[in-house]
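Enquirer: Got target01.cif for you, mmCIF, C-alpha atoms:
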```cif
data_upload
#
loop_
_atom_site.label_atom_id
_atom_site.label_comp_id
_atom_site.auth_asym_id
_atom_site.auth_seq_id
_atom_site.Cartn_x
_atom_site.Cartn_y
_atom_site.Cartn_z
CA MET A 1 15.99 84.23 152.36
CA ASP A 2 12.40 83.17 151.57
CA TYR A 3 10.90 79.76 152.21
CA MET A 4 11.56 78.39 148.69
CA GLN A 5 15.22 79.42 148.79
CA GLN A 6 15.68 77.90 152.26
CA ASP A 7 14.00 74.69 151.13
CA ALA A 8 16.31 74.61 148.08
CA GLU A 9 19.33 74.97 150.36
CA ASN A 10 18.09 72.08 152.48
CA HIS A 11 17.94 69.86 149.38
CA LYS A 12 21.43 71.01 148.35
CA PHE A 13 22.71 70.14 151.83
CA GLN A 14 21.18 66.67 151.57
CA GLY A 15 22.63 66.30 148.09
CA ASN A 16 26.08 67.15 149.42
CA ILE A 17 25.78 64.35 151.95
CA PHE A 18 24.85 61.86 149.22
CA PHE A 19 27.72 63.14 147.07
CA LYS A 20 30.28 62.61 149.86
CA ASN A 21 29.00 59.04 150.20
CA GLN A 22 29.36 58.58 146.41
CA GLN A 23 25.59 58.13 146.07
CA TYR A 24 25.51 60.24 142.93
CA GLU A 25 22.05 59.27 141.65
CA GLU A 26 20.50 60.25 144.98
CA ALA A 27 22.52 63.45 145.04
CA ILE A 28 21.26 64.33 141.55
CA LYS A 29 17.65 63.99 142.75
CA GLU A 30 18.30 66.42 145.60
CA TYR A 31 20.09 68.96 143.41
CA SER A 32 17.29 68.68 140.83
CA THR A 33 14.72 69.49 143.50
CA ALA A 34 16.84 72.43 144.62
CA ILE A 35 16.94 73.70 141.01
CA ILE A 36 13.14 73.50 140.72
CA LYS A 37 12.78 75.58 143.87
CA ASN A 38 15.51 78.08 142.94
CA PRO A 39 16.57 77.87 139.26
CA LYS A 40 18.88 80.89 139.50
CA ASN A 41 21.44 79.33 141.84
CA ILE A 42 24.58 78.33 139.91
CA VAL A 43 25.84 75.97 142.61
CA TYR A 44 22.92 73.57 142.16
CA TYR A 45 23.71 73.18 138.45
CA THR A 46 27.47 72.72 138.91
CA ASN A 47 26.94 70.25 141.77
CA ARG A 48 24.60 68.20 139.60
CA ALA A 49 27.05 68.47 136.70
CA LEU A 50 29.84 67.04 138.84
CA CYS A 51 27.62 64.10 139.80
CA ASN A 52 26.87 63.44 136.14
CA ILE A 53 30.58 63.55 135.31
CA ARG A 54 31.25 60.98 138.03
CA LEU A 55 28.55 58.82 136.45
CA ARG A 56 30.04 59.51 133.00
CA LYS A 57 26.80 61.13 131.85
CA PHE A 58 28.67 63.83 130.00
CA GLU A 59 25.84 65.28 127.90
CA GLU A 60 23.78 65.84 131.04
CA ALA A 61 26.82 67.47 132.67
CA ILE A 62 27.33 69.72 129.64
CA TYR A 63 23.69 70.82 129.86
CA ASP A 64 24.05 71.76 133.54
CA CYS A 65 27.32 73.60 132.97
CA LYS A 66 25.82 75.66 130.17
CA LYS A 67 22.85 76.53 132.38
CA ALA A 68 25.31 77.74 135.02
CA ILE A 69 27.22 79.77 132.42
CA ASP A 70 23.94 81.29 131.21
CA ILE A 71 23.58 82.72 134.71
CA ASP A 72 27.23 83.81 134.97
CA LYS A 73 29.41 83.52 131.85
CA ASN A 74 32.56 83.73 134.03
CA SER A 75 31.53 80.94 136.40
CA LEU A 76 34.80 79.25 137.34
CA LYS A 77 33.29 75.87 138.21
CA GLY A 78 30.78 75.98 135.33
CA ASN A 79 33.48 76.59 132.71
CA TYR A 80 35.91 74.15 134.32
CA LEU A 81 33.43 71.27 134.48
CA LEU A 82 32.17 72.06 130.98
CA GLY A 83 35.71 71.74 129.65
CA GLN A 84 36.20 68.43 131.45
CA ALA A 85 32.91 67.00 130.17
CA ILE A 86 33.67 67.96 126.56
CA ILE A 87 37.16 66.42 126.72
CA GLU A 88 35.77 63.13 128.02
CA SER A 89 32.86 62.93 125.57
CA SER A 90 34.09 64.36 122.28
CA SER A 91 36.72 63.73 119.63
CA SER A 92 35.70 66.68 117.50
CA PRO A 93 38.47 69.28 117.06
CA ALA A 94 35.82 72.03 117.11
CA ARG A 95 34.41 70.78 120.43
CA LEU A 96 37.89 70.40 121.87
CA ASN A 97 38.60 74.00 120.86
CA GLU A 98 35.48 74.94 122.81
CA ALA A 99 36.82 73.00 125.80
CA ILE A 100 40.13 74.87 125.64
CA LYS A 101 38.27 78.20 125.44
CA VAL A 102 36.08 77.60 128.50
CA LEU A 103 38.97 76.12 130.47
CA ARG A 104 40.93 79.30 129.74
CA ILE A 105 38.06 81.30 131.22
CA ALA A 106 38.12 79.08 134.31
CA TYR A 107 41.89 79.43 134.60
CA ASP A 108 41.78 83.23 134.31
CA GLN A 109 39.03 83.35 136.93
CA SER A 110 41.05 81.15 139.30
CA ILE A 111 43.97 83.57 138.97
CA ARG A 112 41.77 86.62 139.47
CA LEU A 113 40.06 85.09 142.51
CA ARG A 114 43.37 83.69 143.83
CA LYS A 115 42.07 80.14 143.97
CA ASP A 116 44.34 77.15 144.57
CA ASP A 117 43.04 75.12 141.62
CA SER A 118 44.75 77.10 138.84
CA ASN A 119 47.52 74.49 138.48
CA GLU A 120 44.97 71.68 138.12
CA ILE A 121 43.03 73.65 135.52
CA ALA A 122 46.27 74.28 133.62
CA LYS A 123 46.86 70.51 133.45
CA VAL A 124 43.38 69.95 132.02
CA ILE A 125 44.01 72.61 129.35
CA LEU A 126 47.14 70.73 128.29
CA LYS A 127 45.13 67.50 128.25
CA ALA A 128 42.59 69.12 125.90
CA ARG A 129 45.34 70.40 123.60
CA LYS A 130 46.98 66.99 123.51
CA LYS A 131 43.73 65.21 122.64
CA LYS A 132 42.97 67.76 119.90
CA TYR A 133 46.42 67.21 118.41
CA GLU A 134 46.08 63.42 118.52
CA VAL A 135 42.61 63.53 116.91
CA GLU A 136 43.76 65.84 114.12
CA GLY A 137 47.00 63.92 113.67
CA SER A 138 45.21 60.56 113.48
CA ARG A 139 42.79 61.88 110.87
CA LYS A 140 45.66 63.28 108.87
CA VAL A 141 47.47 59.94 109.00
CA VAL A 142 44.36 58.10 107.77
CA GLU A 143 43.82 60.62 104.98
CA ASN A 144 47.47 60.39 103.95
CA SER A 145 47.37 56.59 104.09
CA ASP A 146 44.30 56.43 101.83
CA LEU A 147 45.87 58.86 99.36
CA MET A 148 49.17 56.95 99.39
CA ASP A 149 47.40 53.64 98.72
CA TYR A 150 45.54 55.22 95.82
CA LEU A 151 48.74 56.64 94.28
CA ILE A 152 50.60 53.34 94.71
CA GLN A 153 47.75 51.53 92.96
CA LEU A 154 48.05 53.98 90.05
CA MET A 155 51.79 53.28 89.87
CA GLU A 156 51.18 49.54 89.91
CA ASN A 157 48.64 49.88 87.10
CA ASP A 158 51.19 51.95 85.17
CA ARG A 159 53.78 49.22 85.76
CA GLN A 160 51.50 46.51 84.38
CA ASN A 161 50.59 48.63 81.34
CA LYS A 162 54.25 49.28 80.53
CA ILE A 163 55.13 45.60 80.91
CA ALA A 164 52.21 44.65 78.67
CA ASP A 165 53.43 47.09 76.02
CA ILE A 166 56.94 45.60 76.17
CA ARG A 167 55.65 42.05 75.85
CA SER A 168 53.48 42.99 72.85
CA ASP A 169 56.44 44.45 70.96
CA THR A 170 57.29 41.67 68.49
CA THR A 171 60.47 43.42 67.33
CA LYS A 172 62.26 42.76 70.65
CA THR A 173 64.21 39.64 71.50
CA GLU A 174 63.36 37.70 74.66
CA GLU A 175 66.51 39.04 76.29
CA ASP A 176 65.54 42.63 75.42
CA VAL A 177 62.05 42.08 76.81
CA ASN A 178 63.41 40.72 80.10
CA ASN A 179 65.91 43.58 80.42
CA ASP A 180 63.22 46.19 79.74
CA ILE A 181 60.85 44.58 82.26
CA GLU A 182 63.64 44.49 84.84
CA TYR A 183 64.28 48.20 84.25
CA ILE A 184 60.56 49.03 84.50
CA ASN A 185 60.28 47.14 87.79
CA TYR A 186 63.35 48.92 89.19
CA GLU A 187 62.05 52.34 88.09
CA GLN A 188 58.56 51.80 89.54
CA ASP A 189 59.93 50.35 92.80
CA GLN A 190 62.05 53.48 93.26
CA ARG A 191 59.07 55.73 92.61
CA ILE A 192 56.97 53.86 95.15
CA LYS A 193 59.80 54.00 97.69
CA ASN A 194 60.18 57.77 97.19
CA LEU A 195 56.42 58.23 97.51
CA LYS A 196 56.33 56.35 100.83
CA GLN A 197 59.23 58.44 102.18
CA THR A 198 57.40 61.61 101.18
CA PHE A 199 54.28 60.56 103.07
CA LEU A 200 56.36 59.48 106.07
CA LYS A 201 57.84 62.97 106.29
CA ALA A 202 54.31 64.41 106.19
CA ASP A 203 53.22 62.23 109.13
CA PRO A 204 52.63 64.64 112.06
CA PHE A 205 53.76 61.96 114.53
CA GLN A 206 57.13 61.57 112.81
CA LYS A 207 58.20 65.19 112.72
CA ASP A 208 61.08 66.59 114.73
CA ARG A 209 60.04 66.85 118.37
CA GLU A 210 62.11 69.63 119.82
CA ALA A 211 60.57 72.67 121.49
CA PRO A 212 62.41 76.04 121.64
CA ASP A 213 64.01 76.85 124.99
CA TYR A 214 62.01 80.06 125.41
CA LEU A 215 58.80 78.03 125.86
CA PHE A 216 60.01 76.46 129.10
CA GLY A 217 59.62 77.81 132.63
CA LYS A 218 62.67 78.47 134.76
CA ILE A 219 61.51 76.56 137.86
CA HIS A 220 60.19 73.15 136.79
CA PHE A 221 61.32 73.46 133.15
CA ASN A 222 57.91 72.54 131.74
CA ILE A 223 56.33 74.35 128.82
CA MET A 224 54.64 77.44 130.23
CA LEU A 225 50.90 77.97 130.06
CA ASP A 226 50.64 81.44 131.58
CA PRO A 227 53.97 83.30 131.23
CA VAL A 228 54.38 86.39 133.41
CA ILE A 229 57.20 88.91 133.80
CA THR A 230 58.65 89.91 137.18
CA PRO A 231 59.91 93.44 137.92
CA SER A 232 63.41 92.07 137.22
CA GLY A 233 62.36 91.36 133.63
CA ILE A 234 62.48 87.58 133.98
CA THR A 235 59.64 85.42 132.62
CA TYR A 236 58.22 82.54 134.63
CA ASP A 237 55.08 80.42 134.46
CA ARG A 238 52.51 81.91 136.82
CA THR A 239 51.47 78.58 138.35
CA GLU A 240 55.10 77.71 139.11
CA LEU A 241 55.68 81.10 140.71
CA ARG A 242 52.56 80.78 142.85
CA GLU A 243 53.81 77.42 144.08
CA HIS A 244 57.20 79.02 144.80
CA PHE A 245 55.54 81.84 146.76
CA GLU A 246 53.49 79.42 148.86
CA LYS A 247 56.24 76.90 149.62
CA ILE A 248 59.41 79.00 149.70
CA GLY A 249 58.69 82.71 149.85
CA TYR A 250 57.70 85.88 148.03
CA PHE A 251 60.85 86.61 146.07
CA ASP A 252 62.15 86.21 142.52
CA PRO A 253 63.73 82.71 142.33
CA LEU A 254 66.69 83.99 140.29
CA THR A 255 67.32 87.55 141.49
CA ARG A 256 66.04 86.92 145.06
CA LYS A 257 64.30 90.31 145.05
CA GLU A 258 61.04 90.54 146.99
CA ILE A 259 57.89 90.36 144.83
CA THR A 260 54.21 89.48 145.18
CA GLU A 261 51.71 88.21 142.65
CA LYS A 262 50.48 91.78 142.15
CA ASP A 263 53.90 92.65 140.68
CA LEU A 264 53.57 90.11 137.86
CA VAL A 265 52.78 91.33 134.34
CA PRO A 266 51.31 88.88 131.77
CA ASN A 267 53.68 88.19 128.88
CA LEU A 268 50.94 88.23 126.26
CA ALA A 269 53.23 87.97 123.24
CA LEU A 270 54.92 84.85 124.60
CA ARG A 271 51.59 83.37 125.68
CA GLU A 272 50.30 83.75 122.13
CA ALA A 273 53.48 82.19 120.73
CA ILE A 274 53.19 79.23 123.13
CA GLU A 275 49.54 78.62 122.23
CA ASP A 276 50.38 78.74 118.53
CA PHE A 277 53.25 76.27 119.02
CA LEU A 278 51.06 73.86 121.00
CA ASP A 279 48.32 74.05 118.37
CA HIS A 280 50.80 72.83 115.74
CA HIS A 281 52.94 70.57 117.95
CA GLY A 282 50.51 68.82 120.28
CA TRP A 283 53.12 66.30 121.43
CA ALA A 284 54.71 69.18 123.41
CA ASN A 285 51.82 68.98 125.89
CA ASP A 286 53.64 65.99 127.36
CA GLU A 287 56.83 67.97 127.98
#
```
Take the structure I supplied and represent it as structure tokens, if you would.
Expert:
Amino acid sequence: MDYMQQDAENHKFQGNIFFKNQQYEEAIKEYSTAIIKNPKNIVYYTNRALCNIRLRKFEEAIYDCKKAIDIDKNSLKGNYLLGQAIIESSSSPARLNEAIKVLRIAYDQSIRLRKDDSNEIAKVILKARKKKYEVEGSRKVVENSDLMDYLIQLMENDRQNKIADIRSDTTKTEEDVNNDIEYINYEQDQRIKNLKQTFLKADPFQKDREAPDYLFGKIHFNIMLDPVITPSGITYDRTELREHFEKIGYFDPLTRKEITEKDLVPNLALREAIEDFLDHHGWANDE
């Protein structure tokens, strides 16, 4: 290690001390100095990104995360923090899709490297999916509401035109006029009622909220994020199985046969089906 690299490490060490004491601005200064002295070290960028997230400076955090990913596109911490920063700073469905993508990279890396944070990353992915669903659903509700108001106004204008035509007909008696107006009002009220019911059915927040059984894991009964198949042919969520291995033992929870994580095979078809379901039923991220 040359002098510049050693000096950069000294600034990182000092930055870590400031970070532990929640002195994030001071920590950022130290990490920035470390970056100047050694701009190829990913850790300096991700450490500074985490400080910026704590200070809710999300654009600065996103910049640092992308610099880290430029150095290593599979950086676990770079992708994870990037996903977090996007979720906290954006309500754009496209940006939230980007967050889900980079969080997936972080999750896959945590599994490959056998890190303990895969369960936490999985929770953040669900958070991103939920926010994306709520943003898209809210926009759809607003769009539907504006369209419904416009159509109701057209119906009301039609009502007034029909009533005006009835009143201008000099061949009708007063009783006939009143009866015809009463009928017009009844007919238009029914049309407006049917229109509102149609839009209510189209409201994404009012649709049937029942997820198929095959989406749920067999340990905690939550919707699976990373379904895997054991040698016994049973599908579990990987994060739930890892927790089972660590706390209880290396065996299949249902068949009791000995297994390790190396024996697990990704259930790619089910994973794709789950992701598709969550994209169209974001409320399920709360299940």
Enquirer: If we count all atoms listed in the file, what is near A:Ser168 at a cut-off of 10 Å, once residues fewer than 5 positions away on the same chain are taken out, given as a ChimeraX atom specification?
Expert: /A:162-163,177
Enquirer: Identify, on the basis of all atoms listed in the file, every residue whose closest approach to A:Ile166 does not exceed 12 Å; exclude the query and any residue fewer than 3 positions from it along the same chain; express the result as an NGL selection string.
Expert: :A and (159-163 or 169-184)
Enquirer: Could you check how far atom CA of A:Phe199 sits from atom CA of A:Glu134, in Å to one decimal?
Expert: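 The value is 17.7 Å.
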Enquirer: Nearest residue to A:Cys51 out of A:Leu241, A:Ile100, A:Ile105, A:Ala85, using all atoms listed in the file?
Expert: A:Ala85
Enquirer: Got a sec to resolve the PyMOL selection byres ((chain A and resi 64-70) around 9) on this structure and send the residues as a PDB file with C-alpha atoms, in the frame of the given file?
Expert:
```pdb
ATOM      1  CA  LYS A  40      18.880  80.890 139.500  1.00  0.00           C
ATOM      2  CA  ASN A  41      21.440  79.330 141.840  1.00  0.00           C
ATOM      3  CA  ILE A  42      24.580  78.330 139.910  1.00  0.00           C
ATOM      4  CA  VAL A  43      25.840  75.970 142.610  1.00  0.00           C
ATOM      5  CA  TYR A  44      22.920  73.570 142.160  1.00  0.00           C
ATOM      6  CA  TYR A  45      23.710  73.180 138.450  1.00  0.00           C
ATOM      7  CA  THR A  46      27.470  72.720 138.910  1.00  0.00           C
ATOM      8  CA  ASN A  47      26.940  70.250 141.770  1.00  0.00           C
ATOM      9  CA  ARG A  48      24.600  68.200 139.600  1.00  0.00           C
ATOM     10  CA  ALA A  49      27.050  68.470 136.700  1.00  0.00           C
ATOM     11  CA  GLU A  59      25.840  65.280 127.900  1.00  0.00           C
ATOM     12  CA  GLU A  60      23.780  65.840 131.040  1.00  0.00           C
ATOM     13  CA  ALA A  61      26.820  67.470 132.670  1.00  0.00           C
ATOM     14  CA  ILE A  62      27.330  69.720 129.640  1.00  0.00           C
ATOM     15  CA  TYR A  63      23.690  70.820 129.860  1.00  0.00           C
ATOM     16  CA  ILE A  71      23.580  82.720 134.710  1.00  0.00           C
ATOM     17  CA  ASP A  72      27.230  83.810 134.970  1.00  0.00           C
ATOM     18  CA  LYS A  73      29.410  83.520 131.850  1.00  0.00           C
ATOM     19  CA  ASN A  74      32.560  83.730 134.030  1.00  0.00           C
ATOM     20  CA  SER A  75      31.530  80.940 136.400  1.00  0.00           C
ATOM     21  CA  LYS A  77      33.290  75.870 138.210  1.00  0.00           C
ATOM     22  CA  GLY A  78      30.780  75.980 135.330  1.00  0.00           C
ATOM     23  CA  ASN A  79      33.480  76.590 132.710  1.00  0.00           C
ATOM     24  CA  TYR A  80      35.910  74.150 134.320  1.00  0.00           C
ATOM     25  CA  LEU A  81      33.430  71.270 134.480  1.00  0.00           C
ATOM     26  CA  LEU A  82      32.170  72.060 130.980  1.00  0.00           C
TER      27      LEU A  82
END
```
Enquirer: Could you check which of A:Lys29, A:Arg114, A:Arg242, A:Arg271 is closest to A:Ile259, using all atoms listed in the file?
Expert: A:Arg242
Enquirer: Provide the atom CA of A:His244 to atom CA of A:Leu76 distance in Å, to one decimal place.
Expert: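 According to the coordinates, atom CA of A:His244 and atom CA of A:Leu76 are separated by 23.6 Å.
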Enquirer: Can you tell me, as a PyMOL selection string, what residues are no more than 10 Å from A:Ser32 when counting all atoms listed in the file, ignoring any on the same chain fewer than 2 positions away?
Expert: chain A and resi 8+11-12+15+26-30+34-39+44-45+47-48
Enquirer: Just give me the gap between atom CA of A:Asp263 and atom CA of A:Thr235 in Å, one decimal is fine.
Expert: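 Taking atom CA of A:Asp263 as the start and atom CA of A:Thr235 as the end point, the length is 12.3 Å.
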Enquirer: Generate the coordinates of N, CA, C and O atoms for stretch 231-242 of chain A; report them as a PDB file, in the coordinates of the input.
Expert:
```pdb
ATOM      1  N   PRO A 231      59.285  92.122 138.038  1.00  0.00           N
ATOM      2  CA  PRO A 231      59.910  93.440 137.920  1.00  0.00           C
ATOM      3  C   PRO A 231      61.374  93.380 137.472  1.00  0.00           C
ATOM      4  O   PRO A 231      61.911  94.355 136.941  1.00  0.00           O
ATOM      5  N   SER A 232      62.024  92.234 137.655  1.00  0.00           N
ATOM      6  CA  SER A 232      63.410  92.070 137.220  1.00  0.00           C
ATOM      7  C   SER A 232      63.516  91.790 135.727  1.00  0.00           C
ATOM      8  O   SER A 232      64.627  91.699 135.185  1.00  0.00           O
ATOM      9  N   GLY A 233      62.365  91.615 135.068  1.00  0.00           N
ATOM     10  CA  GLY A 233      62.360  91.360 133.630  1.00  0.00           C
ATOM     11  C   GLY A 233      62.488  89.903 133.259  1.00  0.00           C
ATOM     12  O   GLY A 233      62.712  89.579 132.097  1.00  0.00           O
ATOM     13  N   ILE A 234      62.349  89.019 134.227  1.00  0.00           N
ATOM     14  CA  ILE A 234      62.480  87.580 133.980  1.00  0.00           C
ATOM     15  C   ILE A 234      61.092  86.964 133.837  1.00  0.00           C
ATOM     16  O   ILE A 234      60.177  87.305 134.591  1.00  0.00           O
ATOM     17  N   THR A 235      60.940  86.067 132.865  1.00  0.00           N
ATOM     18  CA  THR A 235      59.640  85.420 132.620  1.00  0.00           C
ATOM     19  C   THR A 235      59.588  84.051 133.278  1.00  0.00           C
ATOM     20  O   THR A 235      60.506  83.237 133.147  1.00  0.00           O
ATOM     21  N   TYR A 236      58.499  83.831 134.000  1.00  0.00           N
ATOM     22  CA  TYR A 236      58.220  82.540 134.630  1.00  0.00           C
ATOM     23  C   TYR A 236      56.804  82.121 134.271  1.00  0.00           C
ATOM     24  O   TYR A 236      56.010  82.921 133.783  1.00  0.00           O
ATOM     25  N   ASP A 237      56.466  80.858 134.563  1.00  0.00           N
ATOM     26  CA  ASP A 237      55.080  80.420 134.460  1.00  0.00           C
ATOM     27  C   ASP A 237      54.378  80.812 135.758  1.00  0.00           C
ATOM     28  O   ASP A 237      54.887  80.584 136.852  1.00  0.00           O
ATOM     29  N   ARG A 238      53.199  81.401 135.644  1.00  0.00           N
ATOM     30  CA  ARG A 238      52.510  81.910 136.820  1.00  0.00           C
ATOM     31  C   ARG A 238      52.247  80.817 137.863  1.00  0.00           C
ATOM     32  O   ARG A 238      52.436  81.031 139.062  1.00  0.00           O
ATOM     33  N   THR A 239      51.793  79.642 137.400  1.00  0.00           N
ATOM     34  CA  THR A 239      51.470  78.580 138.350  1.00  0.00           C
ATOM     35  C   THR A 239      52.716  78.120 139.112  1.00  0.00           C
ATOM     36  O   THR A 239      52.642  77.800 140.299  1.00  0.00           O
ATOM     37  N   GLU A 240      53.854  78.095 138.438  1.00  0.00           N
ATOM     38  CA  GLU A 240      55.100  77.710 139.110  1.00  0.00           C
ATOM     39  C   GLU A 240      55.519  78.762 140.133  1.00  0.00           C
ATOM     40  O   GLU A 240      56.003  78.435 141.215  1.00  0.00           O
ATOM     41  N   LEU A 241      55.337  80.035 139.763  1.00  0.00           N
ATOM     42  CA  LEU A 241      55.680  81.100 140.710  1.00  0.00           C
ATOM     43  C   LEU A 241      54.769  81.075 141.929  1.00  0.00           C
ATOM     44  O   LEU A 241      55.227  81.278 143.058  1.00  0.00           O
ATOM     45  N   ARG A 242      53.488  80.829 141.709  1.00  0.00           N
ATOM     46  CA  ARG A 242      52.560  80.780 142.850  1.00  0.00           C
ATOM     47  C   ARG A 242      52.950  79.664 143.806  1.00  0.00           C
ATOM     48  O   ARG A 242      52.897  79.819 145.032  1.00  0.00           O
TER      49      ARG A 242
END
```
